[in-house]
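So this one's model.cif, mmCIF, N, CA and C atoms:
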data_work
#
loop_
_atom_site.group_PDB
_atom_site.id
_atom_site.type_symbol
_atom_site.label_atom_id
_atom_site.label_comp_id
_atom_site.auth_asym_id
_atom_site.auth_seq_id
_atom_site.Cartn_x
_atom_site.Cartn_y
_atom_site.Cartn_z
ATOM 1 N N MET A 22 -0.097 48.580 -36.998
ATOM 2 C CA MET A 22 0.851 49.678 -37.110
ATOM 3 C C MET A 22 1.507 49.686 -38.485
ATOM 4 N N ASN A 23 1.770 48.501 -39.016
ATOM 5 C CA ASN A 23 2.425 48.401 -40.311
ATOM 6 C C ASN A 23 1.566 48.997 -41.427
ATOM 7 N N ALA A 24 0.252 48.935 -41.288
ATOM 8 C CA ALA A 24 -0.643 49.473 -42.309
ATOM 9 C C ALA A 24 -0.733 50.997 -42.237
ATOM 10 N N LEU A 25 -0.436 51.581 -41.095
ATOM 11 C CA LEU A 25 -0.521 53.036 -40.939
ATOM 12 C C LEU A 25 0.693 53.775 -41.492
ATOM 13 N N ALA A 26 1.825 53.119 -41.548
ATOM 14 C CA ALA A 26 3.056 53.787 -41.963
ATOM 15 C C ALA A 26 2.983 54.367 -43.378
ATOM 16 N N PRO A 27 2.524 53.615 -44.378
ATOM 17 C CA PRO A 27 2.466 54.233 -45.722
ATOM 18 C C PRO A 27 1.532 55.438 -45.777
ATOM 19 N N GLY A 28 0.433 55.385 -45.050
ATOM 20 C CA GLY A 28 -0.488 56.523 -45.024
ATOM 21 C C GLY A 28 0.136 57.751 -44.399
ATOM 22 N N ALA A 29 0.878 57.549 -43.335
ATOM 23 C CA ALA A 29 1.550 58.673 -42.673
ATOM 24 C C ALA A 29 2.637 59.259 -43.567
ATOM 25 N N ILE A 30 3.346 58.411 -44.274
ATOM 26 C CA ILE A 30 4.397 58.883 -45.175
ATOM 27 C C ILE A 30 3.794 59.683 -46.323
ATOM 28 N N VAL A 31 2.717 59.167 -46.908
ATOM 29 C CA VAL A 31 2.040 59.868 -47.999
ATOM 30 C C VAL A 31 1.517 61.213 -47.515
ATOM 31 N N MET A 32 0.935 61.235 -46.334
ATOM 32 C CA MET A 32 0.414 62.483 -45.784
ATOM 33 C C MET A 32 1.533 63.507 -45.576
ATOM 34 N N GLY A 33 2.682 63.057 -45.081
ATOM 35 C CA GLY A 33 3.809 63.964 -44.876
ATOM 36 C C GLY A 33 4.324 64.543 -46.177
ATOM 37 N N TYR A 34 4.465 63.693 -47.192
ATOM 38 C CA TYR A 34 4.910 64.192 -48.492
ATOM 39 C C TYR A 34 3.890 65.148 -49.104
ATOM 40 N N ALA A 35 2.612 64.818 -48.995
ATOM 41 C CA ALA A 35 1.567 65.685 -49.552
ATOM 42 C C ALA A 35 1.538 67.027 -48.828
ATOM 43 N N LEU A 36 1.730 67.010 -47.522
ATOM 44 C CA LEU A 36 1.769 68.253 -46.752
ATOM 45 C C LEU A 36 2.958 69.113 -47.161
ATOM 46 N N ALA A 37 4.102 68.482 -47.363
ATOM 47 C CA ALA A 37 5.277 69.222 -47.820
ATOM 48 C C ALA A 37 5.035 69.810 -49.209
ATOM 49 N N SER A 38 4.370 69.051 -50.064
ATOM 50 C CA SER A 38 4.051 69.538 -51.401
ATOM 51 C C SER A 38 3.148 70.774 -51.337
ATOM 52 N N LEU A 39 2.139 70.734 -50.489
ATOM 53 C CA LEU A 39 1.252 71.884 -50.328
ATOM 54 C C LEU A 39 1.989 73.084 -49.737
ATOM 55 N N PHE A 40 2.908 72.817 -48.849
ATOM 56 C CA PHE A 40 3.725 73.866 -48.235
ATOM 57 C C PHE A 40 4.520 74.616 -49.303
ATOM 58 N N PHE A 41 5.190 73.864 -50.193
ATOM 59 C CA PHE A 41 5.970 74.499 -51.251
ATOM 60 C C PHE A 41 5.073 75.154 -52.293
ATOM 61 N N LEU A 42 3.907 74.588 -52.535
ATOM 62 C CA LEU A 42 2.969 75.190 -53.477
ATOM 63 C C LEU A 42 2.484 76.547 -52.974
ATOM 64 N N LYS A 43 2.297 76.647 -51.670
ATOM 65 C CA LYS A 43 1.887 77.916 -51.076
ATOM 66 C C LYS A 43 2.955 78.994 -51.290
ATOM 67 N N PHE A 44 4.218 78.625 -51.100
ATOM 68 C CA PHE A 44 5.292 79.582 -51.330
ATOM 69 C C PHE A 44 5.442 79.922 -52.803
ATOM 70 N N TRP A 45 5.185 78.960 -53.689
ATOM 71 C CA TRP A 45 5.235 79.262 -55.122
ATOM 72 C C TRP A 45 4.162 80.277 -55.492
ATOM 73 N N GLN A 46 2.968 80.150 -54.904
ATOM 74 C CA GLN A 46 1.896 81.098 -55.199
ATOM 75 C C GLN A 46 2.266 82.514 -54.756
ATOM 76 N N ARG A 47 3.009 82.634 -53.672
ATOM 77 C CA ARG A 47 3.423 83.953 -53.187
ATOM 78 C C ARG A 47 4.546 84.554 -54.025
ATOM 79 N N THR A 48 5.522 83.729 -54.399
ATOM 80 C CA THR A 48 6.735 84.255 -55.014
ATOM 81 C C THR A 48 6.835 84.005 -56.513
ATOM 82 N N ARG A 49 6.109 83.025 -57.022
ATOM 83 C CA ARG A 49 6.199 82.586 -58.424
ATOM 84 C C ARG A 49 7.615 82.150 -58.788
ATOM 85 N N ASP A 50 8.346 81.656 -57.802
ATOM 86 C CA ASP A 50 9.689 81.119 -58.020
ATOM 87 C C ASP A 50 9.558 79.656 -58.450
ATOM 88 N N GLY A 51 10.136 79.322 -59.579
ATOM 89 C CA GLY A 51 10.027 77.974 -60.121
ATOM 90 C C GLY A 51 10.630 76.904 -59.239
ATOM 91 N N LEU A 52 11.568 77.281 -58.380
ATOM 92 C CA LEU A 52 12.176 76.308 -57.476
ATOM 93 C C LEU A 52 11.133 75.727 -56.522
ATOM 94 N N PHE A 53 10.246 76.565 -56.014
ATOM 95 C CA PHE A 53 9.198 76.081 -55.117
ATOM 96 C C PHE A 53 8.220 75.158 -55.850
ATOM 97 N N LEU A 54 7.922 75.473 -57.100
ATOM 98 C CA LEU A 54 7.030 74.621 -57.882
ATOM 99 C C LEU A 54 7.678 73.268 -58.146
ATOM 100 N N ALA A 55 8.974 73.267 -58.417
ATOM 101 C CA ALA A 55 9.691 72.012 -58.642
ATOM 102 C C ALA A 55 9.712 71.162 -57.371
ATOM 103 N N PHE A 56 9.926 71.791 -56.229
ATOM 104 C CA PHE A 56 9.912 71.046 -54.971
ATOM 105 C C PHE A 56 8.515 70.486 -54.688
ATOM 106 N N SER A 57 7.486 71.249 -54.993
ATOM 107 C CA SER A 57 6.121 70.778 -54.798
ATOM 108 C C SER A 57 5.844 69.557 -55.666
ATOM 109 N N ALA A 58 6.235 69.620 -56.920
ATOM 110 C CA ALA A 58 6.028 68.488 -57.823
ATOM 111 C C ALA A 58 6.846 67.276 -57.388
ATOM 112 N N ALA A 59 8.064 67.510 -56.920
ATOM 113 C CA ALA A 59 8.911 66.403 -56.472
ATOM 114 C C ALA A 59 8.306 65.700 -55.263
ATOM 115 N N PHE A 60 7.769 66.464 -54.332
ATOM 116 C CA PHE A 60 7.150 65.836 -53.160
ATOM 117 C C PHE A 60 5.871 65.095 -53.532
ATOM 118 N N LEU A 61 5.163 65.558 -54.547
ATOM 119 C CA LEU A 61 4.005 64.799 -55.024
ATOM 120 C C LEU A 61 4.428 63.466 -55.629
ATOM 121 N N LEU A 62 5.525 63.477 -56.379
ATOM 122 C CA LEU A 62 6.046 62.225 -56.929
ATOM 123 C C LEU A 62 6.490 61.274 -55.817
ATOM 124 N N MET A 63 7.118 61.834 -54.784
ATOM 125 C CA MET A 63 7.539 60.988 -53.671
ATOM 126 C C MET A 63 6.346 60.445 -52.897
ATOM 127 N N ALA A 64 5.252 61.197 -52.856
ATOM 128 C CA ALA A 64 4.037 60.708 -52.196
ATOM 129 C C ALA A 64 3.386 59.598 -53.001
ATOM 130 N N ALA A 65 3.543 59.640 -54.309
ATOM 131 C CA ALA A 65 2.918 58.628 -55.167
ATOM 132 C C ALA A 65 3.558 57.252 -54.978
ATOM 133 N N THR A 66 4.830 57.201 -54.655
ATOM 134 C CA THR A 66 5.526 55.916 -54.539
ATOM 135 C C THR A 66 4.938 55.029 -53.435
ATOM 136 N N PRO A 67 4.887 55.464 -52.174
ATOM 137 C CA PRO A 67 4.298 54.582 -51.154
ATOM 138 C C PRO A 67 2.798 54.396 -51.334
ATOM 139 N N CYS A 68 2.144 55.394 -51.910
ATOM 140 C CA CYS A 68 0.705 55.285 -52.143
ATOM 141 C C CYS A 68 0.410 54.156 -53.127
ATOM 142 N N LEU A 69 1.120 54.135 -54.227
ATOM 143 C CA LEU A 69 0.893 53.105 -55.235
ATOM 144 C C LEU A 69 1.315 51.713 -54.753
ATOM 145 N N THR A 70 2.431 51.643 -54.045
ATOM 146 C CA THR A 70 2.862 50.334 -53.557
ATOM 147 C C THR A 70 1.911 49.783 -52.499
ATOM 148 N N ALA A 71 1.321 50.647 -51.696
ATOM 149 C CA ALA A 71 0.352 50.181 -50.692
ATOM 150 C C ALA A 71 -0.969 49.786 -51.341
ATOM 151 N N LEU A 72 -1.429 50.581 -52.295
ATOM 152 C CA LEU A 72 -2.698 50.274 -52.952
ATOM 153 C C LEU A 72 -2.630 49.006 -53.796
ATOM 154 N N LEU A 73 -1.474 48.750 -54.399
ATOM 155 C CA LEU A 73 -1.322 47.577 -55.249
ATOM 156 C C LEU A 73 -0.703 46.384 -54.515
ATOM 157 N N HIS A 74 -0.514 46.526 -53.213
ATOM 158 C CA HIS A 74 -0.002 45.444 -52.345
ATOM 159 C C HIS A 74 1.337 44.900 -52.834
ATOM 160 N N ILE A 75 2.252 45.796 -53.139
ATOM 161 C CA ILE A 75 3.604 45.404 -53.542
ATOM 162 C C ILE A 75 4.442 45.333 -52.269
ATOM 163 N N PRO A 76 5.012 44.154 -51.958
ATOM 164 C CA PRO A 76 5.686 43.987 -50.665
ATOM 165 C C PRO A 76 6.979 44.787 -50.504
ATOM 166 N N LYS A 77 7.754 44.933 -51.562
ATOM 167 C CA LYS A 77 9.023 45.648 -51.452
ATOM 168 C C LYS A 77 9.025 46.817 -52.430
ATOM 169 N N GLU A 78 8.982 48.006 -51.869
ATOM 170 C CA GLU A 78 8.926 49.227 -52.690
ATOM 171 C C GLU A 78 10.141 49.367 -53.587
ATOM 172 N N GLU A 79 11.313 49.011 -53.058
ATOM 173 C CA GLU A 79 12.542 49.210 -53.823
ATOM 174 C C GLU A 79 12.678 48.261 -55.005
ATOM 175 N N GLN A 80 11.851 47.222 -55.075
ATOM 176 C CA GLN A 80 11.901 46.290 -56.196
ATOM 177 C C GLN A 80 10.766 46.522 -57.192
ATOM 178 N N SER A 81 10.023 47.597 -57.030
ATOM 179 C CA SER A 81 8.910 47.887 -57.926
ATOM 180 C C SER A 81 9.310 48.962 -58.930
ATOM 181 N N PRO A 82 8.613 49.019 -60.062
ATOM 182 C CA PRO A 82 8.917 50.086 -61.021
ATOM 183 C C PRO A 82 8.515 51.466 -60.502
ATOM 184 N N PHE A 83 7.695 51.518 -59.460
ATOM 185 C CA PHE A 83 7.290 52.802 -58.895
ATOM 186 C C PHE A 83 8.442 53.507 -58.200
ATOM 187 N N TYR A 84 9.495 52.767 -57.924
ATOM 188 C CA TYR A 84 10.668 53.375 -57.296
ATOM 189 C C TYR A 84 11.309 54.403 -58.227
ATOM 190 N N LEU A 85 11.052 54.267 -59.538
ATOM 191 C CA LEU A 85 11.563 55.246 -60.493
ATOM 192 C C LEU A 85 10.916 56.613 -60.297
ATOM 193 N N LEU A 86 9.735 56.649 -59.697
ATOM 194 C CA LEU A 86 9.107 57.936 -59.386
ATOM 195 C C LEU A 86 9.963 58.731 -58.406
ATOM 196 N N ARG A 87 10.548 58.026 -57.468
ATOM 197 C CA ARG A 87 11.431 58.687 -56.502
ATOM 198 C C ARG A 87 12.684 59.224 -57.199
ATOM 199 N N LEU A 88 13.215 58.445 -58.140
ATOM 200 C CA LEU A 88 14.361 58.903 -58.913
ATOM 201 C C LEU A 88 14.003 60.153 -59.705
ATOM 202 N N MET A 89 12.836 60.161 -60.326
ATOM 203 C CA MET A 89 12.393 61.339 -61.074
ATOM 204 C C MET A 89 12.253 62.546 -60.157
ATOM 205 N N ALA A 90 11.781 62.333 -58.937
ATOM 206 C CA ALA A 90 11.637 63.436 -57.984
ATOM 207 C C ALA A 90 12.995 64.028 -57.632
ATOM 208 N N TYR A 91 13.972 63.175 -57.374
ATOM 209 C CA TYR A 91 15.307 63.671 -57.036
ATOM 210 C C TYR A 91 15.949 64.385 -58.223
ATOM 211 N N LEU A 92 15.747 63.853 -59.429
ATOM 212 C CA LEU A 92 16.284 64.515 -60.615
ATOM 213 C C LEU A 92 15.620 65.870 -60.837
ATOM 214 N N LEU A 93 14.343 65.962 -60.532
ATOM 215 C CA LEU A 93 13.628 67.229 -60.648
ATOM 216 C C LEU A 93 14.193 68.265 -59.682
ATOM 217 N N ILE A 94 14.471 67.848 -58.463
ATOM 218 C CA ILE A 94 15.055 68.756 -57.470
ATOM 219 C C ILE A 94 16.447 69.202 -57.903
ATOM 220 N N ILE A 95 17.272 68.258 -58.342
ATOM 221 C CA ILE A 95 18.629 68.592 -58.778
ATOM 222 C C ILE A 95 18.582 69.536 -59.977
ATOM 223 N N GLY A 96 17.698 69.260 -60.924
ATOM 224 C CA GLY A 96 17.577 70.122 -62.099
ATOM 225 C C GLY A 96 17.113 71.525 -61.749
ATOM 226 N N ALA A 97 16.159 71.639 -60.833
ATOM 227 C CA ALA A 97 15.656 72.956 -60.442
ATOM 228 C C ALA A 97 16.723 73.767 -59.713
ATOM 229 N N ILE A 98 17.479 73.115 -58.843
ATOM 230 C CA ILE A 98 18.540 73.820 -58.121
ATOM 231 C C ILE A 98 19.640 74.248 -59.087
ATOM 232 N N THR A 99 19.993 73.373 -60.016
ATOM 233 C CA THR A 99 21.019 73.702 -61.003
ATOM 234 C C THR A 99 20.569 74.865 -61.884
ATOM 235 N N ALA A 100 19.323 74.822 -62.351
ATOM 236 C CA ALA A 100 18.804 75.901 -63.202
ATOM 237 C C ALA A 100 18.789 77.229 -62.455
ATOM 238 N N LYS A 101 18.388 77.204 -61.195
ATOM 239 C CA LYS A 101 18.365 78.436 -60.406
ATOM 240 C C LYS A 101 19.781 78.959 -60.190
ATOM 241 N N SER A 102 20.720 78.056 -59.951
ATOM 242 C CA SER A 102 22.103 78.461 -59.735
ATOM 243 C C SER A 102 22.703 79.036 -61.007
ATOM 244 N N LEU A 103 22.450 78.417 -62.147
ATOM 245 C CA LEU A 103 22.975 78.937 -63.408
ATOM 246 C C LEU A 103 22.357 80.282 -63.748
ATOM 247 N N LYS A 104 21.078 80.437 -63.458
ATOM 248 C CA LYS A 104 20.401 81.709 -63.722
ATOM 249 C C LYS A 104 20.979 82.810 -62.837
ATOM 250 N N LYS A 105 21.278 82.476 -61.591
ATOM 251 C CA LYS A 105 21.847 83.456 -60.673
ATOM 252 C C LYS A 105 23.263 83.835 -61.092
ATOM 253 N N ASN A 106 24.035 82.884 -61.604
ATOM 254 C CA ASN A 106 25.401 83.177 -62.047
ATOM 255 C C ASN A 106 25.406 84.031 -63.298
ATOM 256 N N GLN A 107 24.388 83.912 -64.155
ATOM 257 C CA GLN A 107 24.331 84.716 -65.373
ATOM 258 C C GLN A 107 23.895 86.151 -65.087
ATOM 259 N N ASN A 108 23.112 86.338 -64.033
ATOM 260 C CA ASN A 108 22.612 87.661 -63.677
ATOM 261 C C ASN A 108 23.093 88.001 -62.269
ATOM 262 N N PRO A 109 24.278 88.586 -62.120
ATOM 263 C CA PRO A 109 24.834 88.830 -60.783
ATOM 264 C C PRO A 109 24.096 89.901 -59.991
ATOM 265 N N ASP A 110 23.186 90.665 -60.633
ATOM 266 C CA ASP A 110 22.450 91.711 -59.917
ATOM 267 C C ASP A 110 21.393 91.152 -58.989
ATOM 268 N N SER A 111 20.907 89.898 -59.199
ATOM 269 C CA SER A 111 19.828 89.364 -58.364
ATOM 270 C C SER A 111 20.313 88.666 -57.156
#
Please express what this file holds, its structure, as C-alpha cells.
Amino acid sequence: MNALAPGAIVMGYALASLFFLKFWQRTRDGLFLAFSAAFLLMAATPCLTALLHIPKEEQSPFYLLRLMAYLLIIGAITAKSLKKNQNPDS
C-alpha cells in the first residue's frame, strides 16, 4: 500500500493539471494555465522522490518545486486581481 500512495498522488495532480489545461484551451485565461503548470510542479515532487528513493520528501531539494507551485498560484491570482482592478469594465 505504501508504494501505491505516491502513484495515486501523482495521478491526482496530473489529472488536475489536465483539467485546468482544458479550461485554458477554452478561455485562454492565463490563470488556468498557471494552475495547470502549478499542478504539474506538484506532481513532479512525489514522482521524483519515489523514483529516486528519497525517504522524506520534506527534506529533499525537490520540496522547492512545491514552493514554486504555490508561488506561481499566488502570482497568477495577484496578477489577475491587479488586472481586474485596473480595468473595472471586465
List, as a list of chain:residue names, every residue that the PyMOL selection byres ((chain A and resi 55-64) around 5) selects in the file provided.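 With the shown file as input, the PyMOL selection byres ((chain A and resi 55-64) around 5) matches A:Val31, A:Tyr34, A:Ser38, A:Leu42, A:Gly51, A:Leu52, A:Phe53, A:Leu54, A:Ala65, A:Thr66, A:Pro67, A:Cys68, A:Ala90.
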Can you tell me, as a PyMOL selection string, which residues sit within 12 Å of (17.7, 77.8, -58.5) in the file's frame, using only C-alpha atoms? chain A and resi 50-56+93-107+111
May I ask which of the residues A:Arg47, A:Tyr84, A:Met89, A:Ala37 is the closest one to Thr70 in chain A, counting only C-alpha atoms?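 Result for the nearest residue to Thr70 in chain A: A:Tyr84.
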Name the residues of chain A that come out as helix (DSSP H, G or I) in a backbone DSSP run; write them as a VMD selection string. chain A and resid 25 to 48 51 to 72 78 to 80 84 to 107
When you draw a straight line from atom N of Leu72 in chain A to atom N of Ala26 in chain A, how long is it in Å?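 Taking atom N of Leu72 in chain A and atom N of Ala26 in chain A, their separation equals 11.5 Å.
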